[in-house]
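Engineer: Data file model.pdb (PDB, C-alpha atoms, pLDDT in the B column) is appended below.
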```pdb
ATOM      1  CA  THR A  36     -14.634  10.708  39.263  1.00 44.00           C
ATOM      2  CA  ARG A  37     -13.825   8.561  36.297  1.00 45.00           C
ATOM      3  CA  ARG A  38     -11.722  10.096  33.556  1.00 45.00           C
ATOM      4  CA  LEU A  39     -11.725   8.841  30.029  1.00 46.00           C
ATOM      5  CA  LYS A  40      -8.347   7.853  28.754  1.00 44.00           C
ATOM      6  CA  LYS A  41      -7.332   9.838  25.724  1.00 43.00           C
ATOM      7  CA  THR A  42      -6.463   7.570  22.840  1.00 45.00           C
ATOM      8  CA  SER A  43      -4.561   8.588  19.777  1.00 48.00           C
ATOM      9  CA  MET A  44      -5.704   7.304  16.431  1.00 57.00           C
ATOM     10  CA  ARG A  45      -3.013   5.693  14.377  1.00 85.00           C
ATOM     11  CA  LEU A  46      -2.338   4.363  10.973  1.00 88.00           C
ATOM     12  CA  THR A  47      -2.349   0.568  10.889  1.00 92.00           C
ATOM     13  CA  ILE A  48      -1.564  -1.829   8.054  1.00 94.00           C
ATOM     14  CA  PHE A  49      -3.528  -5.078   7.972  1.00 95.00           C
ATOM     15  CA  HIS A  50      -2.189  -7.942   5.869  1.00 95.00           C
ATOM     16  CA  ASN A  51      -4.671 -10.404   4.346  1.00 93.00           C
ATOM     17  CA  GLN A  52      -7.489  -9.457   6.682  1.00 91.00           C
ATOM     18  CA  GLU A  53     -11.118  -9.395   5.639  1.00 92.00           C
ATOM     19  CA  PRO A  54     -12.324  -5.787   5.784  1.00 92.00           C
ATOM     20  CA  GLU A  55     -14.260  -4.784   8.871  1.00 91.00           C
ATOM     21  CA  ALA A  56     -17.843  -3.641   8.206  1.00 92.00           C
ATOM     22  CA  LEU A  57     -17.044  -0.019   9.021  1.00 91.00           C
ATOM     23  CA  TRP A  58     -14.232   0.005   6.440  1.00 93.00           C
ATOM     24  CA  ASN A  59     -16.519  -0.907   3.530  1.00 92.00           C
ATOM     25  CA  HIS A  60     -17.595   2.606   2.533  1.00 92.00           C
ATOM     26  CA  SER A  61     -14.056   4.013   2.385  1.00 93.00           C
ATOM     27  CA  LEU A  62     -12.743   0.823   0.780  1.00 94.00           C
ATOM     28  CA  LYS A  63     -15.300   0.990  -2.020  1.00 94.00           C
ATOM     29  CA  LYS A  64     -14.386   4.631  -2.704  1.00 92.00           C
ATOM     30  CA  LEU A  65     -10.769   3.601  -3.123  1.00 92.00           C
ATOM     31  CA  ILE A  66     -11.115   0.490  -5.297  1.00 94.00           C
ATOM     32  CA  THR A  67     -14.219   1.025  -7.454  1.00 91.00           C
ATOM     33  CA  PRO A  68     -14.810  -0.441 -10.038  1.00 93.00           C
ATOM     34  CA  LEU A  69     -12.944  -3.390  -8.451  1.00 93.00           C
ATOM     35  CA  SER A  70     -14.268  -5.393  -5.510  1.00 94.00           C
ATOM     36  CA  PHE A  71     -12.350  -6.763  -2.530  1.00 94.00           C
ATOM     37  CA  LYS A  72     -12.790 -10.212  -4.075  1.00 95.00           C
ATOM     38  CA  ASP A  73     -10.996  -8.916  -7.207  1.00 96.00           C
ATOM     39  CA  LEU A  74      -8.105  -7.687  -5.063  1.00 96.00           C
ATOM     40  CA  LYS A  75      -7.833 -11.022  -3.238  1.00 96.00           C
ATOM     41  CA  ALA A  76      -7.710 -12.794  -6.602  1.00 97.00           C
ATOM     42  CA  MET A  77      -4.609 -10.712  -7.447  1.00 96.00           C
ATOM     43  CA  GLY A  78      -2.668 -11.797  -4.349  1.00 97.00           C
ATOM     44  CA  ASP A  79      -1.972 -10.685  -0.779  1.00 97.00           C
ATOM     45  CA  VAL A  80      -3.940  -7.591   0.247  1.00 97.00           C
ATOM     46  CA  HIS A  81      -2.404  -4.928   2.522  1.00 97.00           C
ATOM     47  CA  ILE A  82      -4.902  -2.380   3.872  1.00 96.00           C
ATOM     48  CA  ALA A  83      -3.935   0.953   5.464  1.00 95.00           C
ATOM     49  CA  VAL A  84      -6.551   2.039   8.005  1.00 94.00           C
ATOM     50  CA  PHE A  85      -6.785   5.342   9.882  1.00 91.00           C
ATOM     51  CA  ASN A  86      -9.728   6.329  12.120  1.00 87.00           C
ATOM     52  CA  ASP A  87     -11.687   3.257  10.966  1.00 87.00           C
ATOM     53  CA  GLY A  88     -11.398   4.232   7.318  1.00 91.00           C
ATOM     54  CA  VAL A  89      -9.337   2.687   4.551  1.00 95.00           C
ATOM     55  CA  VAL A  90      -6.845   5.298   3.348  1.00 95.00           C
ATOM     56  CA  GLY A  91      -4.650   3.111   1.157  1.00 95.00           C
ATOM     57  CA  LEU A  92      -3.971  -0.381  -0.010  1.00 95.00           C
ATOM     58  CA  ALA A  93      -1.501  -2.502  -1.852  1.00 97.00           C
ATOM     59  CA  VAL A  94      -1.707  -5.960  -3.363  1.00 98.00           C
ATOM     60  CA  THR A  95       1.327  -8.191  -3.777  1.00 98.00           C
ATOM     61  CA  HIS A  96       1.733 -11.275  -5.895  1.00 98.00           C
ATOM     62  CA  ASP A  97       4.870 -13.078  -4.726  1.00 97.00           C
ATOM     63  CA  ASN A  98       7.425 -10.240  -4.599  1.00 97.00           C
ATOM     64  CA  GLU A  99       5.654  -7.805  -6.934  1.00 97.00           C
ATOM     65  CA  ILE A 100       3.350  -4.998  -5.887  1.00 97.00           C
ATOM     66  CA  VAL A 101       0.601  -5.358  -8.490  1.00 96.00           C
ATOM     67  CA  PHE A 102      -1.791  -2.726  -7.090  1.00 95.00           C
ATOM     68  CA  LEU A 103      -1.102   0.409  -5.052  1.00 95.00           C
ATOM     69  CA  LYS A 104      -3.543   3.151  -4.211  1.00 93.00           C
ATOM     70  CA  VAL A 105      -3.716   5.881  -1.574  1.00 92.00           C
ATOM     71  CA  ARG A 106      -6.702   8.183  -1.130  1.00 85.00           C
ATOM     72  CA  ASP A 107      -5.995  11.540  -2.735  1.00 74.00           C
ATOM     73  CA  ILE A 108      -7.021  13.392   0.426  1.00 66.00           C
ATOM     74  CA  THR A 109      -4.372  11.579   2.499  1.00 67.00           C
ATOM     75  CA  ARG A 110      -1.478  11.866   0.060  1.00 70.00           C
ATOM     76  CA  ARG A 111       1.712  13.561   1.261  1.00 70.00           C
ATOM     77  CA  ARG A 112       0.935  12.634   4.887  1.00 72.00           C
ATOM     78  CA  GLY A 113       2.999   9.469   5.209  1.00 83.00           C
ATOM     79  CA  VAL A 114       0.287   6.937   4.391  1.00 90.00           C
ATOM     80  CA  GLY A 115       1.957   5.697   1.188  1.00 91.00           C
ATOM     81  CA  LYS A 116       5.388   5.641   2.831  1.00 93.00           C
ATOM     82  CA  TYR A 117       4.168   3.508   5.732  1.00 93.00           C
ATOM     83  CA  LEU A 118       2.093   1.276   3.440  1.00 95.00           C
ATOM     84  CA  ILE A 119       5.089   0.644   1.146  1.00 95.00           C
ATOM     85  CA  GLU A 120       7.418   0.007   4.120  1.00 95.00           C
ATOM     86  CA  GLU A 121       5.048  -2.524   5.673  1.00 95.00           C
ATOM     87  CA  THR A 122       4.296  -4.166   2.325  1.00 97.00           C
ATOM     88  CA  CYS A 123       8.012  -4.542   1.516  1.00 96.00           C
ATOM     89  CA  HIS A 124       8.568  -5.973   5.003  1.00 96.00           C
ATOM     90  CA  PHE A 125       5.758  -8.485   4.388  1.00 97.00           C
ATOM     91  CA  VAL A 126       7.353  -9.510   1.057  1.00 97.00           C
ATOM     92  CA  GLU A 127      10.732  -9.944   2.778  1.00 96.00           C
ATOM     93  CA  GLU A 128       9.157 -12.081   5.515  1.00 95.00           C
ATOM     94  CA  GLU A 129       7.645 -14.246   2.768  1.00 96.00           C
ATOM     95  CA  GLY A 130      11.236 -15.086   1.781  1.00 96.00           C
ATOM     96  CA  PHE A 131      11.875 -12.753  -1.143  1.00 96.00           C
ATOM     97  CA  GLU A 132      15.040 -10.657  -1.385  1.00 95.00           C
ATOM     98  CA  LYS A 133      13.476  -7.845  -3.418  1.00 96.00           C
ATOM     99  CA  THR A 134      10.132  -6.150  -3.832  1.00 97.00           C
ATOM    100  CA  ILE A 135       9.403  -4.994  -7.355  1.00 97.00           C
ATOM    101  CA  ILE A 136       6.808  -2.734  -8.911  1.00 97.00           C
ATOM    102  CA  ASN A 137       6.054  -2.209 -12.590  1.00 97.00           C
ATOM    103  CA  THR A 138       5.198   1.449 -13.176  1.00 96.00           C
ATOM    104  CA  ALA A 139       3.522   0.516 -16.479  1.00 94.00           C
ATOM    105  CA  ARG A 140       0.562  -0.688 -14.344  1.00 91.00           C
ATOM    106  CA  PHE A 141      -0.258   2.921 -13.403  1.00 90.00           C
ATOM    107  CA  PRO A 142      -2.252   5.455 -15.425  1.00 90.00           C
ATOM    108  CA  GLN A 143       0.041   7.512 -17.648  1.00 93.00           C
ATOM    109  CA  GLU A 144      -0.778  10.752 -15.813  1.00 92.00           C
ATOM    110  CA  GLU A 145       0.440   9.241 -12.506  1.00 89.00           C
ATOM    111  CA  ILE A 146       3.751   7.787 -13.752  1.00 93.00           C
ATOM    112  CA  ASP A 147       5.977  10.761 -12.857  1.00 93.00           C
ATOM    113  CA  GLY A 148       4.478  10.967  -9.376  1.00 91.00           C
ATOM    114  CA  ILE A 149       4.779   7.238  -8.675  1.00 92.00           C
ATOM    115  CA  ILE A 150       8.387   7.154  -9.898  1.00 95.00           C
ATOM    116  CA  TYR A 151       9.279  10.101  -7.654  1.00 94.00           C
ATOM    117  CA  PHE A 152       7.485   8.431  -4.732  1.00 93.00           C
ATOM    118  CA  LEU A 153       9.232   5.074  -5.292  1.00 95.00           C
ATOM    119  CA  GLU A 154      12.659   6.690  -5.556  1.00 95.00           C
ATOM    120  CA  MET A 155      12.013   8.591  -2.301  1.00 93.00           C
ATOM    121  CA  GLN A 156      11.221   5.239  -0.643  1.00 93.00           C
ATOM    122  CA  GLY A 157      14.520   3.715  -1.797  1.00 95.00           C
ATOM    123  CA  PHE A 158      13.357   1.877  -4.916  1.00 96.00           C
ATOM    124  CA  GLN A 159      15.832   1.775  -7.789  1.00 96.00           C
ATOM    125  CA  LYS A 160      15.176   1.479 -11.499  1.00 96.00           C
ATOM    126  CA  ASP A 161      16.008  -1.909 -12.984  1.00 95.00           C
ATOM    127  CA  GLU A 162      18.856  -1.614 -15.488  1.00 93.00           C
ATOM    128  CA  ALA A 163      17.155  -3.922 -17.995  1.00 94.00           C
ATOM    129  CA  ASP A 164      13.612  -2.476 -17.837  1.00 95.00           C
ATOM    130  CA  ASN A 165      12.805   1.208 -17.253  1.00 93.00           C
ATOM    131  CA  ASN A 166       9.317   0.331 -15.970  1.00 96.00           C
ATOM    132  CA  ILE A 167      10.546  -1.928 -13.161  1.00 96.00           C
ATOM    133  CA  TYR A 168      11.614  -0.519  -9.803  1.00 97.00           C
ATOM    134  CA  GLU A 169      13.149  -2.714  -7.112  1.00 96.00           C
ATOM    135  CA  PHE A 170      13.546  -2.409  -3.384  1.00 95.00           C
ATOM    136  CA  SER A 171      15.869  -4.492  -1.247  1.00 90.00           C
ATOM    137  CA  GLU A 172      16.419  -4.208   2.516  1.00 77.00           C
ATOM    138  CA  GLU A 173      20.178  -4.440   2.002  1.00 69.00           C
TER
END
```
Here is a file; write its structure as structure tokens.

Structural biologist:
Amino acid sequence: TRRLKKTSMRLTIFHNQEPEALWNHSLKKLITPLSFKDLKAMGDVHIAVFNDGVVGLAVTHDNEIVFLKVRDITRRRGVGKYLIEETCHFVEEEGFEKTIINTARFPQEEIDGIIYFLEMQGFQKDEADNNIYEFSEE
């Protein structure tokens, strides 16, 4: 008898990949009113996929994360942590020493949460600008 091999689903980050057709529904939920074309115009797109659905994404322009979003339903499950780790690694591989993020880009009601999240991931507040957080592999 033939037994099916059990496969475990896993979170994967795709860098600068066109979305697969089955990702479109979950992607639209996450980025509306923006389109994927809008995201690409901002810079490099990093898509977090789990079970064939988009659960988070980030966009970098040079060494700055200019867009970061994780589905509410998947928050506090490691998606954002893994997405930020892989995005920072991508930025480092592009030749930049630091990854930065400007918290002023986020809605006011999310600022406290994003700052807490960034600090937990090892980002540090820039001494010259309270809105800028930096991460360095060092």

Engineer: Listing only residues of stretch 133-170 of chain A within 9 Å of stretch 118-122 of chain A, what is the closest atom pair and its distance in Å (to one decimal) for each, using all atoms listed in the file, sorted by chain and residue number ascending, as a tab-separated table?

Structural biologist:
```
residue	atom	partner	partner_atom	distance
A:Thr134	CA	A:Thr122	CA	8.7
A:Leu153	CA	A:Ile119	CA	8.8
A:Gln156	CA	A:Ile119	CA	7.9
```

Engineer: Apply the PyMOL selection byres ((chain A and resi 66) around 12) to the structure shown and report the selected residues as a list in words.

Structural biologist: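 Checked against the file, the PyMOL selection byres ((chain A and resi 66) around 12) matches Asn59, His60, Ser61, Leu62, Lys63, Lys64, Leu65, Thr67, Pro68, Leu69, Ser70, Phe71, Lys72, Asp73, Leu74, Ile82, Val89, Val90, Gly91, Leu92, Ala93, Val94, Phe102, Leu103, Lys104, Val105 and Arg106 of chain A.
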
Engineer: Evaluate the PyMOL selection byres ((chain A and resi 152) around 12) and record the selected residues as a ChimeraX atom specification, following the chain and residue labels used in the document.

Structural biologist: /A:103,105,110-111,113-116,119,136,138,145-151,153-159,168

Engineer: Kindly indicate which residue among A:Arg45, A:Lys75, A:Arg112, A:His81 lies nearest to A:Val126, using all atoms listed in the file for the distances.

Structural biologist: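 Going through A:Arg45, A:Lys75, A:Arg112, A:His81 one by one, the smallest distance to A:Val126 is for A:His81.
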
Engineer: Of the candidates A:Glu128, A:Val101, A:Phe170, A:Tyr117, which shows the shortest atom-to-atom distance to A:Phe85, using all atoms listed in the file?

Structural biologist: A:Tyr117

Engineer: For a test of reading the model, state the distance in Å between atom CA of A:Asn166 and atom CA of A:Asn137, rounded to one decimal.

Structural biologist: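 Going from atom CA of A:Asn166 over to atom CA of A:Asn137, I get 5.3 Å.
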